[in-house]
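Student: Following this message is one structure expressed as structure tokens.
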Amino acid sequence: MALPVAFFAVFFAWPVVSIVARGVKTDGTWQFGRIGETLSRPDILEVLWFTLWQAAASTALTLLVALPGAYVFARFDFPGKTVLRAVVTVPFVLPTVMVGTAFLALAGRGGLMDELWGLRLDTTVWAILLAHVFFNYAVVVRTVGGLWAQLDPRQEEAARVLGASRWQAWRRVTLPALVPSVAAAALMVFLFTFTSFGVVQILGGTSYSTLEAEIYRQTARLLDLPTAAVLTLVQFAAVGTILAVHARTVRRKETALQLVPAGSTARRPRGAGQWALLGGVLASVALLILLPLGTLVERSFAGPDGYGLGYYRALGSLDEAGTFLVPPLEAIGNSLEYALVATAIALLIGGLAAAALTTRAGRLVRGFDALLMLPLGVSAVTVGFGFLITLDEPPLDLRASWILVPLAQALVGVPFVVRTMLPVLRVVDARLREAAAVLGASPLRAWREVDLPMVWRALLIAAGFAFAVSLGEFGATVFIARPDNPTLPVAVARLLGRPGELNYGQAMALSTILMAVCAVALLLLERLRTERTSGEF
């Protein structure tokens, strides 16, 4: 636990506490009365209520849509499955501002739905909820489906032989085994939607605002740091409570599972019901994921003189307005380099943390389990500003260093590594380690020979998630990325923030490139994962 604790203390707790203290503390005196004053304002209460109920509704809707997809990807084998699994993860790496823009182009004024059916959703909360499903679909499919694919179906078959119906066998055998994974996925979706910023900023307009969007407005636009600090404390307290409840409920439901090689249980659908389920999942993926992505791609080629590569060619040169110090195309290389370093950091910190959490060594370790998820629930705006005011003097003068961006990105990647690896690590039968020890294996060798082959698939999935979230991280990166080294999300946001058809078209082109890079990387990861797990078993 030593290295993960030190990492979070220096690069998370210190910046957040520093920025909050500046807002609540005046002339060395804590002004706690500001908390009551801020929370009694009607406009703030409205923001708090909307933040809570839209996050709950988004989480429920995402689980309803994505759990059938998790089952299909885990248990069915069909043509194009590997490619489709990579494609459904692409929305997760898109900057949230681009997710909002995609749905605005699809369901806003002059969008596809407006042109075809005269239907607009940009003035309703449904656009926000659907955009959240679009963004978080992969979280459920990969987190739940990753474990589901390794559950031994013979346990459920044994229950059927003993007289249980198909529903009873699933409810009593498979569902309890999936509860920790489903809870972990639901937690991540809730935290992401609870802190939603870019999606609400674009689709909500002046009608809807979450805590994250309000913190940004109070900080960057109104320069009201005390109000922003109070809202950050509220967000922090709410997320801490949710994580504590989650850790307590999930820990009670963990059971030892019998795992099998990934992919060994997948088979072609049988019967009309299974084919209908596969068709329904493919249709939902096409409507909720492929259609918005296709809209972005179409906009990137649709120039004023017809379809062409004009917007892509413009990415290689500087514009006259001075939006960038370097050509926007350089953001691609920057993002890949940052994401690779951030992934390595996240795997190291998250892997050590997950291994420590399997020891069940008292309340200290259980409390650390909850603390690891806090970066997903604390304002990225607060973290970004905190980096600027704390890491700017010796011994940690990192403001001018390139490593600052990967460190911020790794903060978001670590929780995904932990939540992906922990359910599998915790269900490894401890008797296997004990048997290895009896045969003379050291603890390190026992972990390498017993745990690693069983968790290798989860490790690769965790790497994919860490790489994906690093590519698309925007909230903190926008404040610390150097002007001469922008990332893809920062470059897209800058282009969208400037008027003009050329800037908008270049933003669409960069977003398309980001989607392509992500799809290729995830496809390679899927192939590597399949080859590795097949070889291990």
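Please note that chains go A, B, ... in the order of the structure tokens, that every chain numbers its residues from 1, and that ligands are numbered from 1 in the order shown.
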Can I get the residues of stretch 100-134 of chain A within 8 Å of stretch 48-65 of chain A, each with the closest pair of atoms and their distance in Å to one decimal, using only C-alpha atoms, sorted chain first then ascending number, as a Markdown table?
Tutor:
```
| residue | atom | partner | partner_atom | distance |
| --- | --- | --- | --- | --- |
| A:Leu129 | CA | A:Ser58 | CA | 5.3 |
| A:Leu130 | CA | A:Ser58 | CA | 7.8 |
| A:His132 | CA | A:Ser58 | CA | 6.2 |
| A:Val133 | CA | A:Thr62 | CA | 4.9 |
```
Student: Restricting it to N, CA, C and O atoms, dump the selection as a compact mmCIF listing (two decimals), in the first residue's frame.
Tutor:
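Ended up saving to selection_23.txt:
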```
# COMPACT_ATOMS: atom_id res chain seq x y z
N LEU A 129 -29.35 12.16 -20.79
CA LEU A 129 -29.38 10.77 -20.35
C LEU A 129 -28.87 9.84 -21.44
O LEU A 129 -28.07 8.92 -21.17
N LEU A 130 -29.30 10.05 -22.68
CA LEU A 130 -28.85 9.19 -23.77
C LEU A 130 -27.36 9.38 -24.05
O LEU A 130 -26.65 8.41 -24.38
N HIS A 132 -25.16 10.07 -21.83
CA HIS A 132 -24.47 9.35 -20.76
C HIS A 132 -24.46 7.85 -21.03
O HIS A 132 -23.47 7.17 -20.72
N VAL A 133 -25.54 7.30 -21.58
CA VAL A 133 -25.55 5.89 -21.95
C VAL A 133 -24.51 5.63 -23.04
O VAL A 133 -23.74 4.67 -22.98
```
Student: Produce a table with one row for each residue of stretch 477-508 of chain A that has an atom at most 10 Å from any atom of stretch 289-308 of chain A, each row naming the nearest atom pair and its distance in Å at one decimal; use only C-alpha atoms; arrange rows by chain and rising residue number; format as a tab-separated table.
Tutor:
```
residue	atom	partner	partner_atom	distance
A:Glu501	CA	A:Pro304	CA	8.3
A:Leu502	CA	A:Gly303	CA	8.4
A:Tyr504	CA	A:Ser300	CA	8.7
A:Gly505	CA	A:Ser300	CA	5.5
A:Gln506	CA	A:Ser300	CA	7.1
A:Ala507	CA	A:Ser300	CA	7.8
A:Met508	CA	A:Ser300	CA	4.7
```
Student: Write out as JSON, numbers by chain the residues lying within 12 Å of A:Val418, counting only C-alpha atoms and excluding same-chain residues fewer than 6 positions away.
Tutor: {"A": [4, 143, 181, 184, 185, 188, 346, 347, 348, 349, 350, 351, 352, 353, 354, 355, 356, 357, 358, 368, 369, 370, 371, 372, 373, 411, 412, 424, 425, 426, 455, 458, 459, 461, 462, 463, 465, 466]}
Student: Looking only at the backbone, which of the residues in stretch 338-459 of chain A does DSSP tag as strand (DSSP E or B), as a list of chain:residue names?
Tutor: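 Here is the list: A:Asp392, A:Glu393, A:Leu396, A:Asp397.
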Student: Could you check which of A:Trp117, A:Tyr312, A:Phe197, A:Trp447 is closest to A:Gly100, using only C-alpha atoms?
Tutor: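 When distances to A:Gly100 are compared using only C-alpha atoms, the smallest one comes from A:Phe197.
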Student: Which residue out of A:Ala169, A:Val140, A:Ala102, A:Val405 has the minimum interatomic distance to A:Thr512 when only C-alpha atoms are used?
Tutor: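 Under the stated criterion, the closest residue is A:Ala102.
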Student: Quick one, how far is atom CA of A:Leu116 from atom CA of A:Val99?
Tutor: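 Interatomic distance, atom CA of A:Leu116 to atom CA of A:Val99: 21.2 Å.
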Student: Would you mind listing what lies within 10 Å of A:Arg433 as JSON, numbers by chain, with only C-alpha atoms counted and same-chain residues fewer than 4 positions away left out?
Tutor: {"A": [428, 429, 437, 438, 439, 441, 442, 443, 445, 446, 447, 449, 450, 451]}
Student: Which residue is closest to A:Leu231? Choose from A:Val200, A:Val281, A:Val16, A:Ile215 and count only C-alpha atoms.
Tutor: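 Looking at the shortest contact to A:Leu231, the residue is A:Ile215.
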Student: Could you check how far atom CA of A:Ala339 sits from atom CA of A:Pro406, in Å to one decimal?
Tutor: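 So the answer is 6.7 Å.
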Student: Set out as a tab-separated table a contact list for stretch 107-219 of chain A and stretch 478-494 of chain A with a cut-off of 12 Å, giving each residue of stretch 107-219 of chain A that qualifies its closest atom pair and distance in Å to one decimal, counting only C-alpha atoms, ordered by chain and rising residue number.
Tutor:
```
residue	atom	partner	partner_atom	distance
A:Gly198	CA	A:Ala493	CA	9.8
A:Ile202	CA	A:Ala493	CA	11.7
A:Tyr216	CA	A:Phe479	CA	11.6
```
Student: What would the file look like if the residues just selected were written as a tab-separated table (two decimals), in the first residue's frame with C-alpha atoms?
Tutor:
```
chain	number	residue	atom	x	y	z
A	198	GLY	CA	-18.97	18.64	-21.05
A	202	ILE	CA	-23.45	21.60	-24.32
A	216	TYR	CA	-16.39	25.47	-13.45
```
